[in-house]
>>> print(open('model.txt').read())   # compact mmCIF, C-alpha atoms
# COMPACT_ATOMS: atom_id res chain seq x y z
CA MET A 56 71.76 110.74 147.31
CA PRO A 57 73.12 114.34 147.46
CA LYS A 58 70.81 117.05 148.72
CA ILE A 59 69.06 119.22 146.13
CA ALA A 60 70.45 122.74 146.30
CA LYS A 61 68.57 125.97 145.77
CA GLN A 62 67.31 126.06 142.19
CA LEU A 63 69.18 128.66 140.14
CA SER A 64 67.69 130.42 137.11
CA ASP A 65 69.24 130.63 133.65
CA ARG A 66 70.25 134.22 134.40
CA ALA A 67 71.91 133.24 137.68
CA VAL A 68 73.83 130.43 136.03
CA ALA A 69 75.02 132.72 133.21
CA ALA A 70 76.32 135.17 135.82
CA LEU A 71 78.68 132.57 137.35
CA LYS A 72 82.22 133.43 136.23
CA ALA A 73 84.70 132.62 138.99
CA GLU A 74 86.42 129.24 139.05
CA GLY A 75 84.69 126.71 141.25
CA ARG A 76 81.88 124.21 141.44
CA TYR A 77 78.31 125.45 141.80
CA ALA A 78 75.22 123.40 142.70
CA VAL A 79 72.42 124.66 140.46
CA GLY A 80 69.50 122.77 142.02
CA GLY A 81 66.56 121.13 140.32
CA VAL A 82 68.29 117.73 140.35
CA ALA A 83 70.35 116.23 143.16
CA GLY A 84 74.08 116.43 142.55
CA LEU A 85 73.95 118.67 139.44
CA HIS A 86 76.77 121.23 139.33
CA LEU A 87 78.27 123.77 136.96
CA ARG A 88 82.06 123.46 137.12
CA ILE A 89 84.22 126.38 135.99
CA SER A 90 87.93 125.78 135.48
CA ALA A 91 90.52 127.58 133.32
CA GLY A 92 87.75 129.43 131.50
CA HIS A 93 85.85 126.24 130.67
CA ARG A 94 82.30 125.80 131.99
CA GLY A 95 80.69 122.39 132.00
CA TRP A 96 78.01 120.33 133.69
CA VAL A 97 78.89 117.61 136.19
CA LEU A 98 76.53 115.24 137.96
CA ARG A 99 77.75 113.72 141.22
CA VAL A 100 76.02 110.41 141.90
CA GLN A 101 76.30 107.41 144.19
CA VAL A 102 76.53 104.09 142.34
CA GLY A 103 76.69 101.21 144.79
CA ASP A 104 79.34 102.15 147.32
CA LYS A 105 81.17 104.50 144.96
CA ARG A 106 80.65 108.20 144.34
CA LYS A 107 81.20 109.22 140.75
CA ASP A 108 81.25 112.42 138.70
CA ILE A 109 79.63 112.22 135.29
CA GLY A 110 80.15 114.95 132.68
CA LEU A 111 76.97 116.13 130.97
CA GLY A 112 78.42 118.52 128.38
CA ALA A 113 79.78 122.02 128.10
CA TYR A 114 77.84 125.16 129.01
CA PRO A 115 76.22 127.02 127.25
CA ALA A 116 76.16 124.45 124.41
CA VAL A 117 74.13 122.36 126.84
CA GLY A 118 71.68 124.69 128.55
CA LEU A 119 70.41 124.52 132.11
CA ALA A 120 67.12 122.83 131.23
CA GLU A 121 68.83 120.16 129.09
CA ALA A 122 71.44 119.51 131.79
CA ARG A 123 68.65 118.92 134.34
CA GLU A 124 66.87 116.57 131.94
CA ARG A 125 70.05 114.54 131.36
CA ALA A 126 70.69 114.42 135.10
CA TRP A 127 67.16 113.11 135.81
CA LYS A 128 67.56 110.35 133.23
CA LEU A 129 70.82 109.24 134.78
CA HIS A 130 69.26 109.14 138.26
CA GLU A 131 66.43 106.99 136.87
CA SER A 132 68.94 104.66 135.23
CA ILE A 133 70.82 104.26 138.53
CA ARG A 134 67.56 103.51 140.40
CA GLU A 135 66.92 100.74 137.87
CA GLY A 136 70.25 99.19 138.77
CA HIS A 137 72.39 100.40 135.84
CA ASP A 138 75.88 101.86 136.08
CA PRO A 139 75.91 104.86 133.69
CA VAL A 140 79.71 105.01 133.70
CA ALA A 141 80.25 101.44 132.47
CA PRO A 142 79.15 102.02 128.84
CA ARG A 143 81.43 105.04 128.65
CA LYS A 144 84.38 103.00 129.88
CA HIS A 145 83.59 100.33 127.29
CA GLN A 146 83.42 102.91 124.50
CA ARG A 147 86.66 104.49 125.68
CA SER A 148 88.30 101.08 125.62
CA ILE A 149 87.13 100.52 122.04
CA LEU A 150 88.48 103.92 120.96
CA GLN A 151 91.82 103.25 122.63
CA SER A 152 92.04 99.88 120.89
CA GLN A 153 91.30 101.49 117.54
CA ALA A 154 93.89 104.20 118.16
CA ALA A 155 96.52 101.52 118.75
CA THR A 156 96.02 100.10 115.25
CA GLU A 157 94.84 103.18 113.34
CA LYS A 158 97.96 104.51 111.61
CA THR A 159 98.30 107.15 108.93
CA PHE A 160 99.97 106.50 105.59
CA GLN A 161 102.74 108.94 106.51
CA TRP A 162 103.48 107.11 109.76
CA CYS A 163 103.57 103.78 107.90
CA ALA A 164 105.87 105.21 105.24
CA GLU A 165 108.31 106.47 107.88
CA GLU A 166 108.31 103.14 109.71
CA PHE A 167 108.69 101.22 106.43
CA LEU A 168 111.75 103.28 105.49
CA LYS A 169 113.28 102.68 108.93
CA ALA A 170 112.73 98.95 108.58
CA LYS A 171 114.09 98.65 105.04
CA SER A 172 116.92 101.19 105.05
CA SER A 173 119.47 98.63 106.22
CA GLU A 174 118.91 96.74 102.95
CA TRP A 175 119.91 99.75 100.87
CA LYS A 176 123.68 100.15 100.64
CA ASN A 177 123.32 103.51 98.91
CA ALA A 178 121.94 106.31 101.12
CA LYS A 179 120.81 108.03 97.93
CA HIS A 180 118.19 105.30 97.45
CA HIS A 181 116.59 106.15 100.79
CA GLN A 182 116.56 109.85 99.88
CA GLN A 183 114.92 109.12 96.52
CA TRP A 184 112.11 107.26 98.27
CA GLU A 185 111.57 110.11 100.72
CA ASN A 186 111.61 112.78 98.01
CA THR A 187 109.19 110.96 95.71
CA LEU A 188 106.72 110.21 98.50
CA ALA A 189 106.92 113.72 99.94
CA ALA A 190 106.33 115.39 96.58
CA TYR A 191 103.63 113.18 95.09
CA ALA A 192 102.07 110.87 97.71
CA MET A 193 101.92 112.72 101.03
CA PRO A 194 99.74 115.62 99.83
CA TYR A 195 97.04 113.06 98.93
CA LEU A 196 97.67 110.09 101.23
CA GLY A 197 99.81 111.27 104.13
CA HIS A 198 96.99 112.33 106.46
CA LEU A 199 94.74 109.35 105.68
CA ALA A 200 94.38 106.33 107.94
CA VAL A 201 96.14 103.57 106.04
CA SER A 202 93.15 101.29 106.71
CA VAL A 203 90.83 103.40 104.51
CA ILE A 204 93.11 103.94 101.49
CA ASP A 205 91.48 102.58 98.33
CA LEU A 206 91.65 102.94 94.56
CA PRO A 207 90.35 106.56 94.36
CA HIS A 208 93.02 107.70 96.84
CA VAL A 209 95.85 105.99 94.94
CA LEU A 210 94.63 107.39 91.63
CA SER A 211 94.47 110.89 93.09
CA CYS A 212 98.26 110.96 93.41
CA LEU A 213 99.10 108.94 90.28
CA GLU A 214 96.80 110.37 87.60
CA PRO A 215 98.13 113.97 87.67
CA ILE A 216 101.63 112.76 86.68
CA TRP A 217 100.95 109.44 84.96
CA SER A 218 101.27 110.85 81.44
CA SER A 219 103.63 113.78 81.99
CA LYS A 220 106.08 112.04 84.38
CA ASN A 221 105.39 108.39 83.81
CA GLU A 222 108.75 107.05 84.97
CA THR A 223 108.39 108.91 88.28
CA ALA A 224 104.73 107.90 88.57
CA SER A 225 105.60 104.24 87.99
CA ARG A 226 108.21 104.34 90.75
CA LEU A 227 105.73 106.10 93.01
CA ARG A 228 103.11 103.42 92.40
CA GLY A 229 105.55 100.67 93.33
CA ARG A 230 106.60 102.49 96.49
CA VAL A 231 103.02 103.09 97.60
CA GLU A 232 102.28 99.41 96.93
CA SER A 233 105.22 98.34 99.10
CA ILE A 234 104.16 100.57 101.99
CA LEU A 235 100.57 99.31 101.85
CA ASP A 236 101.82 95.71 101.75
CA TRP A 237 103.93 96.43 104.84
CA ALA A 238 100.88 97.93 106.58
CA SER A 239 98.82 94.85 105.75
CA VAL A 240 101.42 92.51 107.22
CA ARG A 241 101.48 94.65 110.38
CA LYS A 242 97.67 94.38 110.57
CA TYR A 243 97.10 98.12 110.10
CA ARG A 244 94.91 97.44 107.07
CA SER A 245 93.19 94.53 105.34
CA GLY A 246 91.95 93.66 101.88
CA GLU A 247 93.57 93.97 98.48
CA ASN A 248 96.34 96.43 97.76
CA PRO A 249 94.85 99.30 95.67
CA ALA A 250 98.30 100.20 94.30
CA ARG A 251 98.77 96.76 92.72
CA TRP A 252 99.46 96.99 88.97
CA LYS A 253 98.71 93.60 87.41
CA GLY A 254 95.02 92.83 87.22
CA HIS A 255 94.15 96.12 88.92
CA LEU A 256 95.67 99.48 88.01
CA ASP A 257 96.59 98.15 84.57
CA LYS A 258 92.84 98.19 83.87
CA VAL A 259 92.47 101.93 84.51
CA LEU A 260 95.88 103.45 83.63
CA ALA A 261 97.76 103.41 80.34
CA ALA A 262 100.68 100.98 80.16
CA PRO A 263 104.02 102.75 80.82
CA SER A 264 105.46 101.24 77.63
CA LYS A 265 102.82 103.12 75.64
CA ILE A 266 103.66 106.44 77.29
CA GLN A 267 107.39 106.55 77.94
CA LYS A 268 109.37 107.91 75.00
CA VAL A 269 112.61 106.19 74.02
CA GLU A 270 115.27 108.82 73.28
CA HIS A 271 118.17 107.48 71.22
CA HIS A 272 121.62 109.01 71.37
CA ARG A 273 122.48 111.22 68.42
CA ALA A 274 124.63 109.45 65.82
CA ILE A 275 128.19 110.75 65.55
CA PRO A 276 128.99 112.27 62.15
CA VAL A 277 131.58 110.29 60.19
CA GLU A 278 134.07 113.15 60.18
CA GLU A 279 134.07 113.22 64.02
CA MET A 280 134.74 109.49 64.43
CA PRO A 281 138.60 109.67 64.50
CA GLN A 282 138.55 112.17 67.35
CA PHE A 283 135.85 110.18 69.17
CA MET A 284 137.89 106.94 68.95
CA GLN A 285 140.98 108.73 70.18
CA ASN A 286 139.10 110.02 73.23
CA LEU A 287 137.53 106.62 73.80
CA ARG A 288 140.97 104.93 74.03
CA THR A 289 141.92 107.20 76.91
CA ARG A 290 138.98 106.02 79.04
CA PRO A 291 139.64 103.21 81.55
CA GLY A 292 136.16 101.67 81.52
CA ILE A 293 135.51 98.12 80.26
CA ALA A 294 132.77 99.30 77.93
CA ALA A 295 135.12 101.78 76.29
CA ARG A 296 137.79 99.11 75.78
CA ARG A 297 135.33 96.63 74.26
CA CYS A 298 134.13 99.30 71.87
CA CYS A 299 137.70 99.98 70.79
CA ILE A 300 138.44 96.27 70.27
CA ASN A 301 135.27 95.76 68.27
CA SER A 302 136.12 98.70 66.05
CA VAL A 303 139.48 97.21 65.04
>>> encode(input="model.txt", output="C-alpha cells")
Amino acid sequence: MPKIAKQLSDRAVAALKAEGRYAVGGVAGLHLRISAGHRGWVLRVQVGDKRKDIGLGAYPAVGLAEARERAWKLHESIREGHDPVAPRKHQRSILQSQAATEKTFQWCAEEFLKAKSSEWKNAKHHQQWENTLAAYAMPYLGHLAVSVIDLPHVLSCLEPIWSSKNETASRLRGRVESILDWASVRKYRSGENPARWKGHLDKVLAAPSKIQKVEHHRAIPVEEMPQFMQNLRTRPGIAARRCCINSV
C-alpha cells in the first residue's frame, strides 16, 4: 500500500495550480492531478499484483473531505477482496454495446436513402425524400434515438401540416414509416411502427380523402373550342391524338 503523505488542508489544496500530481494525505494513494487546466482526484491502489489509478471525481465539485471518504471506502472494498475497477469496466462495456445499436432517426434516414437510392431511376425522387424529411421530420425526430420514437413524436411532425398540407403530410408519414421499418429490421428499434396508418394513425388523424380538395380544370367556353382543337392537333402526345379522334 502507498505511504500516506503529509495531510494537506482545504486551503493548501485550493492553492495548487501548476500541472502535476500532488499527494494530499489523509488516505494512502490519494492525489490531486492537474492537467490542461483540469483538476481531479485520483486514487492509486494495489489490486492483486496490479497497480491501478481510480478517478474519484473533479475538484472542486468533489471536495477534499469527500475525496478522502471515497478513497477510504475503496481501500476497504479492496481489503475485502473486491476489485473496484471491474464494475466500471462492466458498465463501460454495456455503454459501448448500447452506443453500437443506439442510432438517431437522422442517421437511419441517411442510411435508408443510401440503401434505397439505387432503386430510384429518377434522382429527383431522392431529392424529394430529402427535402420533405429535412423540412418536416428532422426538426422533431432527427435528434431522437430511433429506439424511443413513439406516437407522440410522429404526431408532433404530422399534426402541424395534416390539414393545411395534407398531401405533403401523407407522403411524410409514409416516408417516416419506411425509415422506422428499416430501423426495426436492422435491430435499432423494436415494437410496432408508430407511423403506421391502418389500425393506428387512422384512429387519431382525419382521413386524407376528407381533407384533400379536388380541383377540377375550368371548362373551356364553347366559342374557344375551335382554337383549342386546332392547337390540340399540333401536339404529338397520344392523349392529344385520342382526344382529337374522339371528337370527330
>>> closest_atom_pairs(input="model.txt", of="region 167-194 of chain A", to="region 209-222 of chain A", cutoff="12 Å", atoms="all atoms listed in the file", output="tab-separated table")
residue	atom	partner	partner_atom	distance
A:Thr187	CA	A:Cys212	CA	11.2
A:Leu188	CA	A:Cys212	CA	9.9
A:Ala189	CA	A:Cys212	CA	11.2
A:Ala190	CA	A:Cys212	CA	9.7
A:Tyr191	CA	A:Cys212	CA	6.0
A:Ala192	CA	A:Cys212	CA	5.7
A:Met193	CA	A:Cys212	CA	8.6
A:Pro194	CA	A:Cys212	CA	8.1
>>> residues_around(input="model.txt", residues="Val100 (chain A)", least_positions_apart="2", cutoff="10 Å", atoms="all atoms listed in the file", output="VMD selection string")
chain A and resid 56 to 57 83 to 85 97 to 98 102 to 103 105 to 109 126 129 to 130 133 139
>>> closest_residue(input="model.txt", among="A:His137, A:His93, A:Arg288, A:Arg226", to="Ala116 (chain A)", atoms="only C-alpha atoms")
A:His93
>>> atom_distance(input="model.txt", atom1="CA of Ser245 (chain A)", atom2="CA of Val231 (chain A)")
15.2 Å
>>> atom_distance(input="model.txt", atom1="CA of Lys265 (chain A)", atom2="CA of Arg251 (chain A)")
18.7 Å
>>> closest_residue(input="model.txt", among="A:Glu157, A:Glu166, A:Glu124, A:Glu131", to="Leu111 (chain A)", atoms="all atoms listed in the file")
A:Glu124
>>> residues_around(input="model.txt", residues="Arg228 (chain A)", least_positions_apart="4", cutoff="7 Å", atoms="only C-alpha atoms", output="VMD selection string")
chain A and resid 224 232 250
>>> closest_residue(input="model.txt", among="A:Lys176, A:Cys163, A:His181, A:Leu206", to="Ser233 (chain A)", atoms="all atoms listed in the file")
A:Cys163
>>> atom_distance(input="model.txt", atom1="CA of Leu260 (chain A)", atom2="CA of Lys171 (chain A)")
28.5 Å
>>> residues_around(input="model.txt", residues="Ser64 (chain A)", least_positions_apart="6", cutoff="10 Å", atoms="all atoms listed in the file", output="list in words")
Ala70, Val79, Gly80, Gly81, Leu119 and Ala120 of chain A
>>> axis_aligned_box(input="model.txt", around="region 156-173 of chain A", padding_each_side="8 Å", output="JSON")
{"center_x": 107.2, "center_y": 103.8, "center_z": 110.1, "size_x": 40.6, "size_y": 26.3, "size_z": 26.2}
>>> decode(input="model.txt", residues="region 81-94 of chain A", atoms="C-alpha atoms", output="CSV table (one decimal), in the first residue's frame")
chain,number,residue,atom,x,y,z
A,81,GLY,CA,-5.2,11.5,4.9
A,82,VAL,CA,-5.6,8.4,2.8
A,83,ALA,CA,-2.9,6.3,1.2
A,84,GLY,CA,-2.5,6.9,-2.5
A,85,LEU,CA,-4.9,9.9,-2.8
A,86,HIS,CA,-3.7,12.5,-5.2
A,87,LEU,CA,-5.0,15.7,-6.9
A,88,ARG,CA,-4.0,15.6,-10.6
A,89,ILE,CA,-3.8,18.9,-12.5
A,90,SER,CA,-3.6,18.7,-16.3
A,91,ALA,CA,-4.5,21.2,-19.0
A,92,GLY,CA,-6.4,23.3,-16.5
A,93,HIS,CA,-8.5,20.3,-15.2
A,94,ARG,CA,-8.2,19.3,-11.6
